[in-house]
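Participant: Have a look at this one.
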Amino acid sequence: MSKALRVLRVVVMRHAQSDSNVRHGGTRLVLTGRCDGSPLTGRGRAQARAAAAKLVAEGLADFDAVWSSPAVRTKDTAKLVCQEVGMNSEKIVYCDLLHELDQGEWAGKRRHECYTPEVLEQYRRNPMDFKPKDGESQREVEARMNLFFEAMLLPQWKASKKDLFNVCVLSHGFAIKCFLRELLHVDPADTWKIKVENASFFVVCRTEVSGWQIIFPQIPRPISLKSKL
């Protein structure tokens, strides 16, 4: 009789609504990037709890580990999720690899002031490597997200010896889009079109013989992940 394959299952969640998502017209108007000091709104806290309830209902909340970006908005979301699923929030591990795209000198500035017609043309010519001064490119974000999954999660899974190792990873909108872009083979020029709403999540799995596969939700392309509130 063949031995059952060991499985690494990862719930990938975007932080819930934060102050920067709504202040000054939200991220559609202002480039937030890694600007910190943006706590969750009341709606965001409700979103985080609703997402946790959904995880419990789907049988996905028995976490062996929880990882989070160190930004306030992701830390707050991670703590609320742990609280709702009955996990000690002191077990959350914070990792810089999960941080949002670094907007460099553009951070905190209005989008239309930065993305002039000339800048947009530069982006269209090379969307993977375009970046603001002192900021990050899409290629760099994608590389560090992949590094997190390969260098941080895989060793933890292999060391666990468990048949099913269940992890929750909390990150940011564009960082998650970069991870999904490669997974779904989306054109780099269209990465921004992937919709990842606040407190939405998806689940990826891999085994000892297969790469990453999205198993929940069953969604068509272009991918659109919605929150519960």
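Residues in the structure tokens are numbered from 1 in each chain, the chains being A, B, ... in the order shown, and ligands are numbered from 1 in the order shown.
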Quick one: residues within 9 Å of stretch 131-141 of chain A, only C-alpha atoms, excluding same-chain residues fewer than 3 positions away - as a compact mmCIF listing (two decimals) with C-alpha atoms, in the first residue's frame?
Facilitator:
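Final output, saved to selection-v3.txt:
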```txt
# COMPACT_ATOMS: atom_id res chain seq x y z
CA LEU A 97 9.50 39.29 3.25
CA LEU A 98 5.71 39.65 3.48
CA HIS A 99 5.74 43.45 3.44
CA GLU A 100 3.96 45.55 0.82
CA LEU A 101 5.61 46.96 -2.30
CA ASP A 102 8.10 49.65 -1.31
CA GLN A 103 7.03 52.85 -3.08
CA GLY A 104 10.31 54.57 -2.24
CA GLU A 105 10.15 58.35 -2.54
CA TRP A 106 6.55 58.11 -3.77
CA ALA A 107 5.20 56.78 -0.47
CA CYS A 114 3.59 60.24 -9.60
CA TYR A 123 5.92 51.24 -16.87
CA PRO A 127 6.30 46.42 -16.06
CA MET A 128 8.42 43.80 -14.27
CA ARG A 144 10.91 37.95 -2.03
CA MET A 145 7.38 36.51 -1.81
CA ASN A 146 8.65 33.35 -3.48
CA PHE A 174 0.15 44.09 -4.29
CA ALA A 175 2.54 41.61 -2.65
CA CYS A 178 2.76 39.33 -7.33
CA PHE A 179 2.64 35.83 -5.83
CA PRO A 188 3.13 41.33 -15.79
CA THR A 191 -0.79 42.22 -12.32
```
Participant: Residues near A:Gly108, anyone? I mean within 8 Å using only C-alpha atoms, not counting same-chain ones fewer than 4 positions away, as a short mmCIF file (atom, residue, chain, number, x, y, z; two decimals) with N, CA and C atoms, in the first residue's frame.
Facilitator:
```
data_model
loop_
_atom_site.label_atom_id
_atom_site.label_comp_id
_atom_site.auth_asym_id
_atom_site.auth_seq_id
_atom_site.Cartn_x
_atom_site.Cartn_y
_atom_site.Cartn_z
N VAL A 30 -3.87 57.72 -3.12
CA VAL A 30 -2.60 57.93 -2.43
C VAL A 30 -1.80 56.63 -2.44
N LEU A 31 -0.50 56.73 -2.74
CA LEU A 31 0.39 55.57 -2.76
C LEU A 31 0.87 55.30 -1.34
N THR A 32 0.34 54.27 -0.72
CA THR A 32 0.66 53.97 0.68
C THR A 32 1.98 53.22 0.81
N GLY A 33 2.11 52.15 0.04
CA GLY A 33 3.33 51.35 0.12
C GLY A 33 3.57 50.83 1.52
N CYS A 35 4.13 52.69 4.18
CA CYS A 35 3.79 53.66 5.23
C CYS A 35 3.11 52.93 6.37
#
```
Participant: Just list as a ChimeraX atom specification whatever in stretch 90-212 of chain A DSSP marks as helix (DSSP H, G or I).
Facilitator: /A:90-91,96-98,104-106,111-114,117-125,138-160,173-184,188-193
Participant: As a ChimeraX atom specification, please: the residues near A:Lys75 (cut-off 10 Å, only C-alpha atoms, same-chain neighbours under 2 positions excluded).
Facilitator: /A:15,39-40,67-73,77-81,89,92-94,170-171
Participant: Please produce a file of those selected residues containing N, CA and C atoms, as an mmCIF file, in the first residue's frame.
Facilitator:
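Just written: out_38.cif:
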```cif
data_model
loop_
_atom_site.group_PDB
_atom_site.id
_atom_site.type_symbol
_atom_site.label_atom_id
_atom_site.label_comp_id
_atom_site.auth_asym_id
_atom_site.auth_seq_id
_atom_site.Cartn_x
_atom_site.Cartn_y
_atom_site.Cartn_z
ATOM 1 N N HIS A 15 -4.585 41.861 4.622
ATOM 2 C CA HIS A 15 -5.033 42.552 5.834
ATOM 3 C C HIS A 15 -6.424 43.155 5.625
ATOM 4 N N PRO A 39 -3.706 51.791 11.486
ATOM 5 C CA PRO A 39 -4.442 50.728 12.169
ATOM 6 C C PRO A 39 -5.722 50.361 11.423
ATOM 7 N N LEU A 40 -6.324 49.263 11.813
ATOM 8 C CA LEU A 40 -7.579 48.846 11.209
ATOM 9 C C LEU A 40 -8.701 49.803 11.589
ATOM 10 N N TRP A 67 1.996 33.405 10.038
ATOM 11 C CA TRP A 67 3.035 34.359 9.655
ATOM 12 C C TRP A 67 2.366 35.658 9.223
ATOM 13 N N SER A 68 3.035 36.790 9.468
ATOM 14 C CA SER A 68 2.446 38.074 9.111
ATOM 15 C C SER A 68 3.531 39.078 8.738
ATOM 16 N N SER A 69 3.164 39.977 7.847
ATOM 17 C CA SER A 69 3.979 41.169 7.623
ATOM 18 C C SER A 69 4.044 41.944 8.938
ATOM 19 N N PRO A 70 5.122 42.682 9.188
ATOM 20 C CA PRO A 70 5.231 43.453 10.440
ATOM 21 C C PRO A 70 4.459 44.763 10.434
ATOM 22 N N ALA A 71 3.790 45.113 9.329
ATOM 23 C CA ALA A 71 3.018 46.360 9.289
ATOM 24 C C ALA A 71 1.866 46.301 10.287
ATOM 25 N N VAL A 72 1.520 47.441 10.859
ATOM 26 C CA VAL A 72 0.467 47.499 11.876
ATOM 27 C C VAL A 72 -0.829 46.875 11.373
ATOM 28 N N ARG A 73 -1.227 47.177 10.138
ATOM 29 C CA ARG A 73 -2.508 46.690 9.625
ATOM 30 C C ARG A 73 -2.552 45.173 9.470
ATOM 31 N N THR A 77 -4.658 42.476 11.984
ATOM 32 C CA THR A 77 -5.519 41.467 11.362
ATOM 33 C C THR A 77 -5.148 40.073 11.855
ATOM 34 N N ALA A 78 -3.853 39.788 11.900
ATOM 35 C CA ALA A 78 -3.387 38.479 12.351
ATOM 36 C C ALA A 78 -3.828 38.196 13.789
ATOM 37 N N LYS A 79 -3.712 39.193 14.646
ATOM 38 C CA LYS A 79 -4.092 39.013 16.048
ATOM 39 C C LYS A 79 -5.588 38.740 16.193
ATOM 40 N N LEU A 80 -6.409 39.445 15.410
ATOM 41 C CA LEU A 80 -7.855 39.226 15.474
ATOM 42 C C LEU A 80 -8.228 37.837 14.943
ATOM 43 N N VAL A 81 -7.576 37.420 13.869
ATOM 44 C CA VAL A 81 -7.841 36.083 13.326
ATOM 45 C C VAL A 81 -7.485 35.024 14.363
ATOM 46 N N SER A 89 -1.992 34.463 20.023
ATOM 47 C CA SER A 89 -1.397 35.414 19.095
ATOM 48 C C SER A 89 0.108 35.596 19.311
ATOM 49 N N ILE A 92 2.393 34.178 16.568
ATOM 50 C CA ILE A 92 2.532 34.800 15.243
ATOM 51 C C ILE A 92 4.004 35.149 15.000
ATOM 52 N N VAL A 93 4.481 34.815 13.811
ATOM 53 C CA VAL A 93 5.850 35.154 13.419
ATOM 54 C C VAL A 93 5.777 36.279 12.386
ATOM 55 N N TYR A 94 6.514 37.363 12.626
ATOM 56 C CA TYR A 94 6.497 38.508 11.721
ATOM 57 C C TYR A 94 7.715 38.463 10.802
ATOM 58 N N LEU A 170 -0.399 36.295 6.356
ATOM 59 C CA LEU A 170 -1.064 37.581 6.160
ATOM 60 C C LEU A 170 -0.115 38.583 5.536
ATOM 61 N N SER A 171 -0.548 39.155 4.415
ATOM 62 C CA SER A 171 0.304 40.078 3.674
ATOM 63 C C SER A 171 -0.536 41.230 3.132
#
```
Participant: Could you pull the residues within 10 Å of A:Val209, counting only C-alpha atoms, minus those fewer than 3 positions along the same chain, as number ranges by chain?
Facilitator: A: 5-7, 206
Participant: For the residues in the current selection, export N, CA, C and O atoms as a compact mmCIF listing (two decimals), in the first residue's frame.
Facilitator:
```
# COMPACT_ATOMS: atom_id res chain seq x y z
N LEU A 5 0.70 11.10 0.65
CA LEU A 5 1.56 12.25 0.47
C LEU A 5 1.35 13.28 1.58
O LEU A 5 0.23 13.53 1.99
N ARG A 6 2.44 13.85 2.06
CA ARG A 6 2.34 14.92 3.03
C ARG A 6 1.96 16.21 2.30
O ARG A 6 2.39 16.47 1.18
N VAL A 7 1.14 17.04 2.97
CA VAL A 7 0.60 18.23 2.34
C VAL A 7 0.91 19.48 3.18
O VAL A 7 0.75 19.48 4.39
N ARG A 206 0.73 22.37 -1.58
CA ARG A 206 1.74 21.65 -2.33
C ARG A 206 2.07 20.36 -1.59
O ARG A 206 1.86 20.26 -0.37
```
Participant: Give me every strand (DSSP E) residue in stretch 72-197 of chain A, going by DSSP on the backbone, as a ChimeraX atom specification.
Facilitator: /A:93-94,164-171,195-196
Participant: The selected residues should be written to file as a short mmCIF file (atom, residue, chain, number, x, y, z; two decimals), in the first residue's frame (atoms: all heavy atoms).
Facilitator:
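Final output, saved to out_35.cif:
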```
data_model
loop_
_atom_site.label_atom_id
_atom_site.label_comp_id
_atom_site.auth_asym_id
_atom_site.auth_seq_id
_atom_site.Cartn_x
_atom_site.Cartn_y
_atom_site.Cartn_z
N VAL A 93 4.48 34.82 13.81
CA VAL A 93 5.85 35.15 13.42
C VAL A 93 5.78 36.28 12.39
O VAL A 93 5.06 36.17 11.39
CB VAL A 93 6.58 33.94 12.81
CG1 VAL A 93 8.01 34.33 12.43
CG2 VAL A 93 6.59 32.77 13.79
N TYR A 94 6.51 37.36 12.63
CA TYR A 94 6.50 38.51 11.72
C TYR A 94 7.71 38.46 10.80
O TYR A 94 8.84 38.22 11.25
CB TYR A 94 6.46 39.81 12.52
CG TYR A 94 5.25 39.89 13.42
CD1 TYR A 94 5.35 39.67 14.79
CD2 TYR A 94 3.98 40.13 12.88
CE1 TYR A 94 4.23 39.71 15.61
CE2 TYR A 94 2.86 40.16 13.68
CZ TYR A 94 2.99 39.95 15.04
OH TYR A 94 1.87 39.97 15.85
N LEU A 164 -0.43 16.73 7.36
CA LEU A 164 -1.03 17.99 6.90
C LEU A 164 -0.52 19.11 7.79
O LEU A 164 -0.79 19.11 8.99
CB LEU A 164 -2.56 17.94 6.95
CG LEU A 164 -3.28 19.27 6.66
CD1 LEU A 164 -2.98 19.75 5.24
CD2 LEU A 164 -4.78 19.13 6.87
N PHE A 165 0.21 20.04 7.20
CA PHE A 165 0.73 21.19 7.94
C PHE A 165 -0.03 22.41 7.45
O PHE A 165 0.04 22.77 6.26
CB PHE A 165 2.23 21.34 7.70
CG PHE A 165 2.90 22.30 8.65
CD1 PHE A 165 3.01 21.99 10.00
CD2 PHE A 165 3.43 23.49 8.19
CE1 PHE A 165 3.64 22.86 10.88
CE2 PHE A 165 4.06 24.37 9.06
CZ PHE A 165 4.17 24.05 10.42
N ASN A 166 -0.79 23.05 8.34
CA ASN A 166 -1.72 24.12 7.97
C ASN A 166 -1.20 25.47 8.46
O ASN A 166 -0.98 25.65 9.66
CB ASN A 166 -3.09 23.83 8.57
CG ASN A 166 -4.18 24.70 8.01
OD1 ASN A 166 -4.17 25.06 6.84
ND2 ASN A 166 -5.15 25.05 8.83
N VAL A 167 -1.02 26.42 7.54
CA VAL A 167 -0.41 27.71 7.86
C VAL A 167 -1.31 28.85 7.39
O VAL A 167 -1.98 28.74 6.37
CB VAL A 167 0.97 27.85 7.17
CG1 VAL A 167 1.64 29.16 7.56
CG2 VAL A 167 1.86 26.67 7.52
N CYS A 168 -1.29 29.95 8.13
CA CYS A 168 -1.96 31.18 7.70
C CYS A 168 -0.89 32.24 7.47
O CYS A 168 -0.02 32.45 8.32
CB CYS A 168 -2.96 31.66 8.75
SG CYS A 168 -3.92 33.12 8.23
N VAL A 169 -0.94 32.89 6.31
CA VAL A 169 0.03 33.93 5.96
C VAL A 169 -0.72 35.21 5.65
O VAL A 169 -1.60 35.24 4.78
CB VAL A 169 0.85 33.50 4.72
CG1 VAL A 169 1.73 34.66 4.24
CG2 VAL A 169 1.71 32.28 5.05
N LEU A 170 -0.40 36.30 6.36
CA LEU A 170 -1.06 37.58 6.16
C LEU A 170 -0.12 38.58 5.54
O LEU A 170 0.97 38.84 6.06
CB LEU A 170 -1.61 38.11 7.48
CG LEU A 170 -2.74 37.24 8.06
CD1 LEU A 170 -2.22 36.39 9.21
CD2 LEU A 170 -3.91 38.10 8.49
N SER A 171 -0.55 39.16 4.41
CA SER A 171 0.30 40.08 3.67
C SER A 171 -0.54 41.23 3.13
O SER A 171 -1.57 41.58 3.71
CB SER A 171 1.04 39.32 2.56
OG SER A 171 1.99 40.14 1.91
N LYS A 195 -7.77 41.38 -8.50
CA LYS A 195 -8.48 42.04 -7.40
C LYS A 195 -8.36 41.21 -6.12
O LYS A 195 -8.79 40.07 -6.08
CB LYS A 195 -9.95 42.25 -7.78
CG LYS A 195 -10.14 43.16 -8.99
CD LYS A 195 -11.61 43.43 -9.25
CE LYS A 195 -11.80 44.24 -10.52
NZ LYS A 195 -11.09 45.53 -10.49
N VAL A 196 -7.76 41.82 -5.13
CA VAL A 196 -7.60 41.18 -3.82
C VAL A 196 -8.14 42.13 -2.77
O VAL A 196 -7.45 43.06 -2.34
CB VAL A 196 -6.12 40.83 -3.55
CG1 VAL A 196 -5.99 40.08 -2.21
CG2 VAL A 196 -5.54 39.98 -4.67
#
```
Participant: Which polymer residues have any atom within 12 Å of an atom of A:Val186, counting only C-alpha atoms, with same-chain residues fewer than 4 positions away left out, as a ChimeraX atom specification?
Facilitator: /A:128,177-182,190-194,221-223
Participant: Which residues are near A:Phe216? Cut-off 9 Å, only C-alpha atoms, ignore same chain within fewer than 3 positions. Put them as number ranges by chain.
Facilitator: A: 11, 201-204, 219
Participant: Okay, now the selection with C-alpha atoms, as a compact mmCIF listing (two decimals), in the first residue's frame?
Facilitator:
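Done, and the output landed in again10.txt:
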```txt
# COMPACT_ATOMS: atom_id res chain seq x y z
CA VAL A 11 -4.22 30.25 3.75
CA PHE A 201 -8.19 34.94 1.32
CA PHE A 202 -7.36 31.95 -0.84
CA VAL A 203 -5.74 28.59 -0.14
CA VAL A 204 -2.75 27.03 -1.86
CA ILE A 219 -12.30 30.96 -9.14
```
Participant: Using only C-alpha atoms, pick whichever of A:Ala4, A:Cys95, A:Ala199, A:Gly44 has the shortest atom-to-atom distance to A:Ala151.
Facilitator: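 Counting only C-alpha atoms, the residue closest to A:Ala151 is A:Cys95.
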Participant: Using only C-alpha atoms, determine which residues lie at most 10 Å from stretch 51-56 of chain A, disregarding the query and same-chain residues fewer than 4 positions distant; provide the list as a ChimeraX atom specification.
Facilitator: /A:11,13,16,45-47,60-62,77-78,80-85,198-201,227-229
